[in-house]
file upload34.csv (CSV, C-alpha atoms and all ligand atoms)
chain,number,residue,atom,x,y,z
A,19,MET,CA,-62.2,33.1,-104.1
A,20,THR,CA,-62.2,29.3,-104.8
A,21,ASN,CA,-60.5,27.9,-107.8
A,22,ARG,CA,-64.0,27.1,-109.3
A,23,GLN,CA,-65.0,30.8,-109.0
A,24,LEU,CA,-61.6,31.9,-110.5
A,25,PHE,CA,-62.2,29.4,-113.3
A,26,GLN,CA,-65.6,31.0,-114.1
A,27,GLN,CA,-64.3,34.6,-113.8
A,28,HIS,CA,-60.9,34.6,-115.2
A,29,VAL,CA,-60.6,31.6,-117.5
A,30,ALA,CA,-62.4,32.3,-120.9
A,31,GLN,CA,-65.5,30.2,-120.9
A,32,THR,CA,-66.7,28.6,-124.1
A,33,SER,CA,-68.9,25.9,-122.7
A,34,PRO,CA,-72.3,27.0,-121.4
A,35,SER,CA,-72.2,24.1,-119.0
A,36,PRO,CA,-68.7,23.0,-118.2
A,37,VAL,CA,-68.2,19.8,-116.1
A,38,GLY,CA,-66.4,22.0,-113.6
A,39,ILE,CA,-64.9,19.4,-111.3
A,40,GLU,CA,-61.5,20.5,-110.0
A,41,ILE,CA,-58.8,17.9,-110.9
A,42,VAL,CA,-56.0,17.6,-108.4
A,43,SER,CA,-54.3,14.5,-109.9
A,44,ALA,CA,-54.7,11.9,-112.6
A,45,SER,CA,-52.9,8.7,-113.0
A,46,GLY,CA,-53.5,5.5,-115.0
A,47,ASN,CA,-57.2,5.4,-115.9
A,48,TYR,CA,-58.4,7.7,-113.2
A,49,LEU,CA,-58.9,11.4,-112.5
A,50,ILE,CA,-59.2,12.6,-108.9
A,51,ASP,CA,-61.0,15.7,-107.9
A,52,ALA,CA,-60.5,18.2,-105.0
A,53,GLU,CA,-62.9,16.2,-102.8
A,54,GLY,CA,-60.8,13.1,-103.3
A,55,LYS,CA,-63.4,11.5,-105.6
A,56,ARG,CA,-62.1,9.1,-108.3
A,57,TYR,CA,-63.5,9.1,-111.8
A,58,LEU,CA,-62.8,6.3,-114.3
A,59,ASP,CA,-61.8,8.1,-117.4
A,60,LEU,CA,-63.8,6.9,-120.4
A,61,ILE,CA,-62.5,9.6,-122.9
A,62,GLY,CA,-58.8,9.9,-122.2
A,63,GLY,CA,-58.7,13.6,-122.5
A,64,ILE,CA,-60.5,13.2,-125.9
A,65,SER,CA,-58.2,10.5,-127.4
A,66,VAL,CA,-55.0,12.0,-126.0
A,67,CYS,CA,-54.1,9.7,-123.0
A,68,ASN,CA,-53.9,6.4,-124.9
A,69,ILE,CA,-51.4,5.0,-122.4
A,70,GLY,CA,-53.2,6.4,-119.4
A,71,HIS,CA,-52.5,9.5,-117.4
A,72,SER,CA,-49.0,10.5,-116.2
A,73,HIS,CA,-47.3,7.2,-117.2
A,74,PRO,CA,-44.0,7.0,-115.1
A,75,SER,CA,-42.0,6.6,-118.3
A,76,VAL,CA,-43.4,9.8,-119.7
A,77,VAL,CA,-42.9,11.7,-116.5
A,78,ALA,CA,-39.3,10.5,-116.3
A,79,ALA,CA,-38.7,11.6,-119.9
A,80,ILE,CA,-40.1,15.0,-119.3
A,81,THR,CA,-38.0,15.4,-116.1
A,82,ARG,CA,-34.8,14.3,-117.9
A,83,GLN,CA,-35.5,16.7,-120.8
A,84,ALA,CA,-36.4,19.6,-118.5
A,85,GLU,CA,-33.0,19.2,-116.7
A,86,SER,CA,-31.2,19.4,-120.1
A,87,TYR,CA,-32.9,22.2,-122.0
A,88,LEU,CA,-36.3,23.6,-122.7
A,89,HIS,CA,-37.0,26.0,-125.6
A,90,VAL,CA,-33.7,27.0,-127.3
A,91,MET,CA,-34.6,28.2,-130.8
A,92,VAL,CA,-37.6,28.5,-133.2
A,93,TYR,CA,-38.5,25.5,-135.4
A,94,GLY,CA,-36.0,24.0,-137.9
A,95,GLU,CA,-32.7,25.7,-137.1
A,96,VAL,CA,-30.9,23.6,-134.6
A,97,VAL,CA,-30.6,19.9,-134.0
A,98,GLN,CA,-32.5,18.8,-130.9
A,99,SER,CA,-32.2,15.2,-130.0
A,100,PRO,CA,-35.8,14.5,-128.8
A,101,GLN,CA,-37.2,16.1,-132.0
A,102,VAL,CA,-35.0,14.2,-134.5
A,103,GLN,CA,-35.3,10.9,-132.6
A,104,TYR,CA,-39.1,11.2,-132.4
A,105,ALA,CA,-39.3,12.1,-136.1
A,106,ALA,CA,-37.2,9.0,-137.0
A,107,LEU,CA,-39.3,6.8,-134.7
A,108,LEU,CA,-42.5,8.0,-136.4
A,109,ALA,CA,-41.0,7.5,-139.9
A,110,ALA,CA,-40.0,4.0,-138.9
A,111,HIS,CA,-43.6,3.1,-138.1
A,112,LEU,CA,-45.2,4.8,-141.1
A,113,PRO,CA,-45.2,3.7,-144.7
A,114,ALA,CA,-41.9,4.4,-146.4
A,115,GLN,CA,-43.1,7.4,-148.3
A,116,LEU,CA,-44.2,9.2,-145.1
A,117,ASP,CA,-40.7,9.8,-143.9
A,118,CYS,CA,-40.6,13.5,-143.1
A,119,VAL,CA,-42.2,15.1,-140.1
A,120,TYR,CA,-43.1,18.7,-139.4
A,121,PHE,CA,-44.0,19.1,-135.7
A,122,THR,CA,-46.6,21.7,-134.8
A,123,ASN,CA,-48.2,23.0,-131.6
A,124,SER,CA,-51.6,21.4,-132.1
A,125,GLY,CA,-53.7,19.3,-134.4
A,126,ALA,CA,-55.3,22.4,-136.0
A,127,GLU,CA,-51.9,23.8,-136.9
A,128,ALA,CA,-51.0,20.4,-138.5
A,129,THR,CA,-54.2,20.9,-140.6
A,130,GLU,CA,-53.1,24.4,-141.6
A,131,GLY,CA,-49.6,23.2,-142.5
A,132,ALA,CA,-50.9,20.4,-144.6
A,133,ILE,CA,-53.3,22.7,-146.5
A,134,LYS,CA,-50.4,25.1,-147.2
A,135,LEU,CA,-48.2,22.2,-148.4
A,136,ALA,CA,-50.9,20.9,-150.7
A,137,ARG,CA,-51.4,24.3,-152.2
A,138,ARG,CA,-47.7,24.9,-152.6
A,139,ALA,CA,-47.1,21.4,-154.1
A,140,THR,CA,-50.0,21.5,-156.6
A,141,GLY,CA,-50.3,25.2,-157.4
A,142,ARG,CA,-54.0,24.7,-157.0
A,143,THR,CA,-56.4,26.2,-154.5
A,144,ASP,CA,-59.5,24.0,-154.3
A,145,ILE,CA,-59.9,21.7,-151.3
A,146,ILE,CA,-62.5,18.9,-150.8
A,147,SER,CA,-63.4,17.8,-147.3
A,148,CYS,CA,-66.4,16.1,-145.6
A,149,ASN,CA,-69.6,17.1,-144.0
A,150,LYS,CA,-69.3,16.4,-140.3
A,151,GLY,CA,-65.5,16.3,-140.6
A,152,TYR,CA,-63.5,17.9,-137.9
A,153,HIS,CA,-59.9,19.1,-138.4
A,154,GLY,CA,-59.4,21.9,-135.7
A,155,ASN,CA,-60.7,25.4,-135.0
A,156,THR,CA,-58.3,27.9,-136.5
A,157,LEU,CA,-59.7,29.7,-139.5
A,158,GLY,CA,-58.2,27.4,-142.2
A,159,ALA,CA,-59.2,24.3,-140.2
A,160,LEU,CA,-62.6,25.8,-139.5
A,161,SER,CA,-63.1,26.3,-143.2
A,162,VAL,CA,-62.6,22.6,-143.9
A,163,MET,CA,-64.8,21.6,-141.0
A,164,GLY,CA,-68.1,20.1,-142.2
A,165,ASP,CA,-70.9,21.7,-140.2
A,166,GLU,CA,-72.5,25.0,-140.8
A,167,TYR,CA,-73.7,25.6,-137.3
A,168,TRP,CA,-70.1,25.7,-136.0
A,169,ARG,CA,-68.5,27.7,-138.7
A,170,ASN,CA,-71.2,30.2,-139.8
A,171,ALA,CA,-70.5,32.9,-137.2
A,172,PHE,CA,-66.9,33.2,-138.3
A,173,ARG,CA,-67.4,33.9,-142.0
A,174,PRO,CA,-65.8,34.9,-144.3
A,175,LEU,CA,-63.8,31.6,-144.3
A,176,MET,CA,-61.2,30.3,-146.6
A,177,PRO,CA,-62.6,30.2,-150.2
A,178,GLY,CA,-62.4,27.2,-152.5
A,179,VAL,CA,-63.5,24.6,-150.0
A,180,TRP,CA,-66.1,22.0,-151.1
A,181,HIS,CA,-67.9,19.7,-148.7
A,182,TYR,CA,-69.4,16.3,-149.5
A,183,ASP,CA,-70.7,13.4,-147.5
A,184,PHE,CA,-68.2,10.9,-146.2
A,185,ASN,CA,-68.5,7.7,-148.2
A,186,SER,CA,-70.3,9.4,-151.1
A,187,GLN,CA,-69.7,9.0,-154.8
A,188,GLU,CA,-70.3,12.8,-155.2
A,189,LEU,CA,-67.1,13.5,-153.3
A,190,ILE,CA,-65.1,11.3,-155.6
A,191,ASP,CA,-66.8,12.7,-158.7
A,192,ALA,CA,-66.0,16.2,-157.6
A,193,ILE,CA,-62.2,15.7,-157.7
A,194,ASN,CA,-60.7,17.3,-160.8
A,195,GLU,CA,-57.6,19.1,-162.1
A,196,HIS,CA,-58.3,22.1,-159.8
A,197,THR,CA,-58.4,20.1,-156.6
A,198,ALA,CA,-55.2,20.6,-154.5
A,199,CYS,CA,-56.2,18.1,-151.9
A,200,VAL,CA,-58.9,15.9,-150.4
A,201,LEU,CA,-58.8,16.1,-146.6
A,202,ILE,CA,-60.7,13.5,-144.6
A,203,GLU,CA,-60.5,11.9,-141.2
A,204,THR,CA,-59.6,8.3,-141.8
A,205,ILE,CA,-62.3,7.4,-139.4
A,206,GLN,CA,-64.7,10.2,-138.7
A,207,GLY,CA,-64.7,11.0,-134.9
A,208,GLU,CA,-66.9,14.0,-134.2
A,209,ALA,CA,-69.5,12.7,-136.6
A,210,GLY,CA,-70.1,9.9,-134.0
A,211,VAL,CA,-67.6,7.3,-135.3
A,212,ILE,CA,-68.1,6.6,-139.0
A,213,ALA,CA,-65.7,4.3,-140.7
A,214,PRO,CA,-65.1,4.6,-144.5
A,215,ASP,CA,-66.3,1.9,-146.8
A,216,PRO,CA,-63.1,0.1,-148.1
A,217,GLU,CA,-64.1,0.3,-151.7
A,218,TRP,CA,-64.9,4.0,-151.4
A,219,LEU,CA,-61.5,4.7,-149.8
A,220,ALA,CA,-59.7,2.7,-152.6
A,221,SER,CA,-61.6,4.6,-155.2
A,222,LEU,CA,-60.8,7.9,-153.5
A,223,ARG,CA,-57.1,7.0,-153.5
A,224,ARG,CA,-57.2,6.1,-157.2
A,225,ARG,CA,-59.1,9.3,-158.2
A,226,CYS,CA,-56.7,11.5,-156.3
A,227,THR,CA,-53.7,9.9,-157.9
A,228,GLU,CA,-55.2,10.2,-161.4
A,229,ASN,CA,-55.9,13.9,-160.9
A,230,GLY,CA,-52.6,14.8,-159.2
A,231,THR,CA,-54.6,15.7,-156.1
A,232,LEU,CA,-53.0,15.1,-152.7
A,233,LEU,CA,-54.9,12.8,-150.3
A,234,ILE,CA,-54.6,13.9,-146.7
A,235,PHE,CA,-55.7,11.6,-143.8
A,236,ASP,CA,-56.4,13.2,-140.5
A,237,GLU,CA,-55.3,10.6,-137.9
A,238,ILE,CA,-55.3,13.1,-135.1
A,239,GLN,CA,-58.0,11.3,-133.2
A,240,CYS,CA,-57.8,7.8,-134.7
A,241,GLY,CA,-54.1,7.4,-134.6
A,242,PHE,CA,-51.7,5.8,-132.1
A,243,GLY,CA,-53.6,2.6,-131.7
A,244,ARG,CA,-57.0,4.0,-130.8
A,245,THR,CA,-58.8,1.9,-133.5
A,246,GLY,CA,-56.9,-1.3,-133.0
A,247,LYS,CA,-54.2,-0.7,-135.5
A,248,LEU,CA,-51.4,1.8,-135.0
A,249,TRP,CA,-52.8,4.0,-137.8
A,250,GLY,CA,-56.5,4.0,-138.8
A,251,PHE,CA,-55.6,3.6,-142.5
A,252,GLU,CA,-53.9,0.3,-141.7
A,253,HIS,CA,-57.4,-1.2,-141.6
A,254,TYR,CA,-57.5,-0.7,-145.4
A,255,THR,CA,-55.2,-2.7,-147.7
A,256,ASN,CA,-52.6,-0.7,-149.7
A,257,ILE,CA,-54.1,2.7,-149.1
A,258,VAL,CA,-51.6,5.3,-148.1
A,259,PRO,CA,-52.2,9.1,-148.0
A,260,ASP,CA,-49.8,11.7,-149.4
A,261,ILE,CA,-49.9,13.6,-146.1
A,262,VAL,CA,-51.0,12.3,-142.7
A,263,LEU,CA,-52.0,14.5,-139.8
A,264,LEU,CA,-51.1,13.5,-136.2
A,265,GLY,CA,-51.9,15.1,-132.9
A,266,LYS,CA,-53.6,14.3,-129.5
A,267,ALA,CA,-51.8,11.1,-128.4
A,268,LEU,CA,-48.7,12.2,-130.4
A,269,GLY,CA,-47.5,14.2,-127.4
A,270,GLY,CA,-48.2,11.7,-124.7
A,271,GLY,CA,-50.2,14.3,-122.8
A,272,MET,CA,-48.1,17.3,-123.9
A,273,PRO,CA,-49.5,19.6,-126.6
A,274,MET,CA,-48.2,18.7,-130.1
A,275,GLY,CA,-49.4,18.0,-133.7
A,276,ALA,CA,-47.6,17.0,-136.8
A,277,PHE,CA,-48.0,16.7,-140.6
A,278,VAL,CA,-46.0,14.0,-142.2
A,279,SER,CA,-45.3,13.5,-145.9
A,280,SER,CA,-42.4,12.6,-148.2
A,281,HIS,CA,-39.1,14.3,-148.0
A,282,ALA,CA,-39.5,15.4,-151.6
A,283,LEU,CA,-42.9,17.1,-150.9
A,284,MET,CA,-41.8,18.7,-147.6
A,285,GLN,CA,-38.7,20.2,-149.3
A,286,LEU,CA,-41.1,22.5,-151.1
A,287,LEU,CA,-41.5,24.4,-147.8
A,288,THR,CA,-37.8,25.4,-148.0
A,289,PHE,CA,-38.0,27.8,-150.9
A,290,ASN,CA,-40.5,30.1,-152.7
A,291,PRO,CA,-40.9,31.3,-150.0
A,292,VAL,CA,-38.2,30.1,-147.7
A,293,LEU,CA,-39.5,29.1,-144.2
A,294,GLY,CA,-42.7,27.9,-145.8
A,295,HIS,CA,-44.2,27.2,-142.4
A,296,ILE,CA,-43.0,29.0,-139.3
A,297,THR,CA,-43.5,28.2,-135.6
A,298,THR,CA,-41.7,29.2,-132.5
A,299,PHE,CA,-42.6,26.2,-130.3
A,300,GLY,CA,-43.5,23.5,-132.8
A,301,GLY,CA,-41.5,20.4,-131.9
A,302,HIS,CA,-40.8,21.6,-128.4
A,303,PRO,CA,-38.2,19.3,-126.9
A,304,LEU,CA,-40.3,18.6,-123.8
A,305,CYS,CA,-43.3,17.6,-126.0
A,306,CYS,CA,-41.1,15.4,-128.2
A,307,ALA,CA,-39.5,13.7,-125.3
A,308,ALA,CA,-42.9,13.0,-123.7
A,309,GLY,CA,-44.4,11.8,-127.0
A,310,MET,CA,-41.6,9.5,-127.9
A,311,ALA,CA,-41.7,7.9,-124.4
A,312,ALA,CA,-45.4,7.4,-124.8
A,313,MET,CA,-45.0,5.8,-128.2
A,314,HIS,CA,-42.4,3.4,-126.7
A,315,VAL,CA,-44.9,2.5,-123.9
A,316,LEU,CA,-47.6,1.9,-126.5
A,317,MET,CA,-45.3,-0.6,-128.3
A,318,ASP,CA,-43.5,-2.2,-125.4
A,319,GLU,CA,-46.8,-2.8,-123.5
A,320,HIS,CA,-48.5,-4.2,-126.7
A,321,LEU,CA,-51.5,-2.0,-126.0
A,322,VAL,CA,-52.7,-1.9,-129.6
A,323,ALA,CA,-53.0,-5.7,-129.7
A,324,GLY,CA,-55.5,-5.6,-126.8
A,325,VAL,CA,-57.9,-3.1,-128.3
A,326,ALA,CA,-60.1,-5.4,-130.4
A,327,ALA,CA,-60.9,-7.7,-127.4
A,328,LYS,CA,-61.7,-4.6,-125.2
A,329,GLU,CA,-64.0,-3.2,-128.0
A,330,ALA,CA,-65.8,-6.6,-128.2
A,331,LEU,CA,-66.3,-6.7,-124.4
A,332,PHE,CA,-67.8,-3.2,-124.4
A,333,ILE,CA,-70.1,-4.1,-127.3
A,334,SER,CA,-71.3,-7.3,-125.6
A,335,LEU,CA,-72.1,-5.4,-122.4
A,336,LEU,CA,-73.7,-2.3,-123.8
A,337,LYS,CA,-77.3,-3.7,-124.2
A,338,HIS,CA,-80.1,-1.5,-123.0
A,339,PRO,CA,-83.5,-0.6,-124.6
A,340,GLU,CA,-82.5,3.1,-124.6
A,341,ILE,CA,-79.4,2.4,-126.7
A,342,ARG,CA,-80.2,2.7,-130.4
A,343,THR,CA,-76.9,1.6,-131.7
A,344,VAL,CA,-73.2,1.4,-130.8
A,345,ARG,CA,-70.8,2.4,-133.5
A,346,SER,CA,-67.1,1.6,-133.0
A,347,LYS,CA,-63.7,1.3,-134.5
A,348,GLY,CA,-61.6,-0.2,-131.7
A,349,LEU,CA,-61.8,1.9,-128.6
A,350,LEU,CA,-63.4,4.9,-130.4
A,351,MET,CA,-67.0,4.3,-129.7
A,352,ALA,CA,-70.3,6.1,-130.0
A,353,ILE,CA,-73.3,5.0,-128.0
A,354,GLU,CA,-76.4,6.5,-129.7
A,355,LEU,CA,-79.4,7.3,-127.5
A,356,SER,CA,-82.7,8.8,-128.4
A,357,SER,CA,-81.7,12.5,-128.1
A,358,ALA,CA,-79.0,15.0,-127.1
A,359,GLY,CA,-81.0,15.8,-124.0
A,360,LYS,CA,-80.9,12.1,-122.9
A,361,VAL,CA,-77.1,12.1,-123.4
A,362,SER,CA,-76.5,15.2,-121.3
A,363,GLU,CA,-78.7,13.9,-118.6
A,364,THR,CA,-76.8,10.6,-118.6
A,365,LEU,CA,-73.4,12.3,-118.6
A,366,ARG,CA,-74.4,14.3,-115.5
A,367,ARG,CA,-75.4,11.1,-113.8
A,368,CYS,CA,-72.1,9.5,-114.9
A,369,ILE,CA,-70.2,12.2,-113.0
A,370,THR,CA,-72.1,11.3,-109.8
A,371,HIS,CA,-71.3,7.7,-110.4
A,372,GLY,CA,-67.6,8.4,-110.9
A,373,LEU,CA,-67.5,8.0,-114.6
A,374,PHE,CA,-66.0,10.6,-116.9
A,375,SER,CA,-67.4,10.8,-120.4
A,376,ASP,CA,-68.6,13.2,-123.1
A,377,TRP,CA,-70.6,13.7,-126.3
A,378,PHE,CA,-69.6,14.4,-129.9
A,379,LEU,CA,-69.6,17.8,-131.7
A,380,PHE,CA,-71.7,16.6,-134.6
A,381,ALA,CA,-73.4,13.8,-132.9
A,382,PRO,CA,-74.7,15.1,-129.5
A,383,GLU,CA,-77.1,12.2,-129.3
A,384,CYS,CA,-74.1,9.9,-128.8
A,385,ILE,CA,-72.0,9.2,-125.7
A,386,ARG,CA,-68.3,9.1,-126.4
A,387,ILE,CA,-66.3,6.1,-125.2
A,388,ALA,CA,-62.6,6.5,-125.9
A,389,PRO,CA,-60.8,5.4,-122.8
A,390,PRO,CA,-57.1,5.0,-122.3
A,391,LEU,CA,-56.1,1.8,-124.1
A,392,THR,CA,-54.9,0.6,-120.7
A,393,ILE,CA,-58.5,0.2,-119.4
A,394,THR,CA,-58.8,-3.3,-117.9
A,395,GLU,CA,-61.5,-5.9,-118.4
A,396,ASP,CA,-62.8,-5.3,-114.8
A,397,GLU,CA,-62.9,-1.5,-115.4
A,398,ILE,CA,-64.9,-2.1,-118.6
A,399,ARG,CA,-67.4,-4.3,-116.8
A,400,HIS,CA,-67.7,-1.7,-114.0
A,401,ALA,CA,-68.0,1.2,-116.5
A,402,CYS,CA,-70.7,-0.6,-118.5
A,403,ALA,CA,-72.8,-1.6,-115.5
A,404,GLN,CA,-72.6,2.1,-114.2
A,405,LEU,CA,-73.3,3.5,-117.7
A,406,LEU,CA,-76.4,1.3,-118.1
A,407,SER,CA,-77.8,2.4,-114.8
A,408,CYS,CA,-77.1,6.1,-115.6
A,409,ILE,CA,-78.9,5.6,-118.9
B,1,LIG,N1,-58.5,16.7,-136.2
B,1,LIG,C1,-59.3,15.8,-135.5
B,1,LIG,C2,-59.8,14.6,-136.1
B,1,LIG,C3,-59.6,16.1,-134.2
B,1,LIG,O1,-60.4,15.3,-133.5
B,1,LIG,C4,-59.1,17.3,-133.6
B,1,LIG,C5,-59.4,17.7,-132.2
B,1,LIG,O2,-60.4,17.2,-131.6
B,1,LIG,C6,-58.3,18.2,-134.4
B,1,LIG,C7,-58.0,17.8,-135.7
B,1,LIG,C8,-57.7,19.4,-133.8
B,1,LIG,O3,-56.7,19.2,-132.9
B,1,LIG,P1,-56.4,20.3,-131.8
B,1,LIG,O4,-57.5,20.5,-130.9
B,1,LIG,O5,-55.1,19.8,-131.2
B,1,LIG,O6,-56.1,21.6,-132.6

call {"tool": "encode", "arguments": {"input": "upload34.csv", "output": "structure tokens"}}
result
Amino acid sequence: MTNRQLFQQHVAQTSPSPVGIEIVSASGNYLIDAEGKRYLDLIGGISVCNIGHSHPSVVAAITRQAESYLHVMVYGEVVQSPQVQYAALLAAHLPAQLDCVYFTNSGAEATEGAIKLARRATGRTDIISCNKGYHGNTLGALSVMGDEYWRNAFRPLMPGVWHYDFNSQELIDAINEHTACVLIETIQGEAGVIAPDPEWLASLRRRCTENGTLLIFDEIQCGFGRTGKLWGFEHYTNIVPDIVLLGKALGGGMPMGAFVSSHALMQLLTFNPVLGHITTFGGHPLCCAAGMAAMHVLMDEHLVAGVAAKEALFISLLKHPEIRTVRSKGLLMAIELSSAGKVSETLRRCITHGLFSDWFLFAPECIRIAPPLTITEDEIRHACAQLLSCI
């Protein structure tokens, strides 16, 4: 049997039409398939590979760590250098009050942990999140996800969750003394790239503080420089969440998530009950070593500073009568076409043309552009020319 046949038979299939190309290697901004064909990666493993694929520094860090130790003990019992060093590095690049990191296995688990912390800290159960918000696919995360089509088959979900439109006054008005937390993506990704209105975000922050409600920003997709600042919330003056969720690029290509808050809040997970969140593999030394190396590359190569010019170049080139609009925040971009059908047709042609892209969960009429931040000007010009011809 070929690997493709084994993929279809023995690997659980959730996509009715998987891309199905067989990847044999990936480096920099390119994927290479079993026939030796190169694909320019326009989605970076869905906002994971911000520094490109298999960066030599990341590979070296993984190799070094693998030679020292792999898993030694469940979360939070022994001191592991890659874990504590990476937590300290993250704390040094976050606002002062976000100084304590709980590393998880995925973004969804970070969402779960943050919801638990908000309930534990406030003694309240109600949660407010957004229509078209995405925070992961485990049951708690699915409950706060804002789209009925995707969650309905899995009911009953977690009770006490209220959904409102992003940027809406209704959401702010709904916050009261029963609200444990408001959980939003700082910049909505799967909705097709929707940025918050600055006044709305400021008013949301104020209302949460007045009501003793924790404000949680999900930076899993928009963090690590994707939007042109290290963190998405840095686009907005003086707005800091009580808890921030990290994931995707956090692990430098290895699986990892995190929820980050103040030391005082996080300490609540140490008693009543003790071990307030438990994970065997969260903060795995290999993932932390990889993630930390990737974050150093992001800084040392000044990749975040180059994002705005690359975004502007994309926008200047993406002109076509079939393109309704292009929404973007840095290198997180949605190219809106007339229909989901037109998008899937275009994406199929992109594969033939050696371009790797995708759509958005709640905006299937949009093509996703979220390349490694290392994409070059020449590659952007090439990608746009090919994309326009595929459209
Ligand atoms: N939050 C956001 C904004 C995401 O985009 C995602 C994944 O796409 C998640 C959470 C879930 O992360 P994971 O797939 O690692 O569970």

call {"tool": "residues_near_ligand", "arguments": {"input": "upload34.csv", "ligand": "ligand LIG 1 (chain B)", "cutoff": "10 Å", "atoms": "all atoms listed in the file", "output": "ChimeraX atom specification"}}
result
/A:63-66,122-130,151-156,159-160,163,202-209,235-241,263-268,273-276,378-379

call {"tool": "closest_residue", "arguments": {"input": "upload34.csv", "among": "A:Gly131, A:Gly372, A:Pro382, A:Pro216", "to": "Ser356 in chain A", "atoms": "all atoms listed in the file"}}
result
A:Pro382

call {"tool": "closest_residue", "arguments": {"input": "upload34.csv", "among": "A:Glu395, A:Ala312, A:Leu116, A:Met351", "to": "Ser375 in chain A", "atoms": "all atoms listed in the file"}}
result
A:Met351

call {"tool": "residues_around", "arguments": {"input": "upload34.csv", "residues": "range 337-349 of chain A", "least_positions_apart": "6", "cutoff": "9 Å", "atoms": "all atoms listed in the file", "output": "list in words"}}
result
Ile205, Gly210, Val211, Ile212, Ala213, Cys240, Gly243, Arg244, Thr245, Gly246, Lys247, Gly250, Val325, Ala326, Ala327, Lys328, Glu329, Ala330, Leu355, Ser356, Cys384, Ile387, Ala388, Pro389, Pro390, Leu391, Leu406 and Ile409 of chain A

call {"tool": "residues_around", "arguments": {"input": "upload34.csv", "residues": "Ile69 in chain A", "least_positions_apart": "5", "cutoff": "10 Å", "atoms": "only C-alpha atoms", "output": "VMD selection string"}}
result
chain A and resid 46 to 47 62 76 242 to 243 267 270 to 271 312 to 313 315 to 316 319 321 389 to 393

call {"tool": "residues_near_point", "arguments": {"input": "upload34.csv", "point": "(-64.4, 16.9, -104.7)", "cutoff": "12 Å", "atoms": "all atoms listed in the file", "output": "PyMOL selection string"}}
result
chain A and resi 22+38-43+49-57+369-370+372

call {"tool": "residues_around", "arguments": {"input": "upload34.csv", "residues": "range 107-110 of chain A", "least_positions_apart": "4", "cutoff": "9 Å", "atoms": "only C-alpha atoms", "output": "ChimeraX atom specification"}}
result
/A:102-103,114-119,278,310,313

call {"tool": "write_last_selection", "arguments": {"input": "upload34.csv", "atoms": "C-alpha atoms", "output": "compact mmCIF listing (two decimals), in the frame of the given file"}}
result
# COMPACT_ATOMS: atom_id res chain seq x y z
CA VAL A 102 -35.00 14.20 -134.50
CA GLN A 103 -35.30 10.90 -132.60
CA ALA A 114 -41.90 4.40 -146.40
CA GLN A 115 -43.10 7.40 -148.30
CA LEU A 116 -44.20 9.20 -145.10
CA ASP A 117 -40.70 9.80 -143.90
CA CYS A 118 -40.60 13.50 -143.10
CA VAL A 119 -42.20 15.10 -140.10
CA VAL A 278 -46.00 14.00 -142.20
CA MET A 310 -41.60 9.50 -127.90
CA MET A 313 -45.00 5.80 -128.20

call {"tool": "residues_around", "arguments": {"input": "upload34.csv", "residues": "Leu335 in chain A", "least_positions_apart": "2", "cutoff": "8 Å", "atoms": "only C-alpha atoms", "output": "JSON, numbers by chain"}}
result
{"A": [331, 332, 333, 337, 399, 402, 403]}

call {"tool": "write_last_selection", "arguments": {"input": "upload34.csv", "atoms": "C-alpha atoms", "output": "PDB file, in the frame of the given file"}}
result
ATOM      1  CA  LEU A 331     -66.300  -6.700-124.400  1.00  0.00           C
ATOM      2  CA  PHE A 332     -67.800  -3.200-124.400  1.00  0.00           C
ATOM      3  CA  ILE A 333     -70.100  -4.100-127.300  1.00  0.00           C
ATOM      4  CA  LYS A 337     -77.300  -3.700-124.200  1.00  0.00           C
ATOM      5  CA  ARG A 399     -67.400  -4.300-116.800  1.00  0.00           C
ATOM      6  CA  CYS A 402     -70.700  -0.600-118.500  1.00  0.00           C
ATOM      7  CA  ALA A 403     -72.800  -1.600-115.500  1.00  0.00           C
TER       8      ALA A 403
END

call {"tool": "atom_distance", "arguments": {"input": "upload34.csv", "atom1": "CA of Leu350 in chain A", "atom2": "CA of Leu222 in chain A"}}
result
23.4 Å

call {"tool": "decode", "arguments": {"input": "upload34.csv", "residues": "range 60-66 of chain A", "atoms": "N, CA and C atoms", "output": "PDB file, in the first residue's frame"}}
result
ATOM      1  N   LEU A  60       1.988  29.457   2.096  1.00  0.00           N
ATOM      2  CA  LEU A  60       1.315  30.727   2.386  1.00  0.00           C
ATOM      3  C   LEU A  60       0.525  30.698   3.686  1.00  0.00           C
ATOM      4  N   ILE A  61       0.632  29.586   4.437  1.00  0.00           N
ATOM      5  CA  ILE A  61      -0.146  29.521   5.687  1.00  0.00           C
ATOM      6  C   ILE A  61       0.682  29.083   6.895  1.00  0.00           C
ATOM      7  N   GLY A  62       1.933  28.723   6.680  1.00  0.00           N
ATOM      8  CA  GLY A  62       2.834  28.428   7.801  1.00  0.00           C
ATOM      9  C   GLY A  62       2.252  27.430   8.797  1.00  0.00           C
ATOM     10  N   GLY A  63       1.675  26.336   8.281  1.00  0.00           N
ATOM     11  CA  GLY A  63       1.111  25.330   9.191  1.00  0.00           C
ATOM     12  C   GLY A  63      -0.007  25.898  10.049  1.00  0.00           C
ATOM     13  N   ILE A  64      -0.743  26.848   9.508  1.00  0.00           N
ATOM     14  CA  ILE A  64      -1.787  27.637  10.193  1.00  0.00           C
ATOM     15  C   ILE A  64      -1.155  28.438  11.343  1.00  0.00           C
ATOM     16  N   SER A  65      -0.386  29.421  10.941  1.00  0.00           N
ATOM     17  CA  SER A  65       0.213  30.397  11.877  1.00  0.00           C
ATOM     18  C   SER A  65       1.125  29.758  12.931  1.00  0.00           C
ATOM     19  N   VAL A  66       1.756  28.649  12.585  1.00  0.00           N
ATOM     20  CA  VAL A  66       2.700  28.010  13.503  1.00  0.00           C
ATOM     21  C   VAL A  66       4.144  28.380  13.139  1.00  0.00           C
TER      22      VAL A  66
END
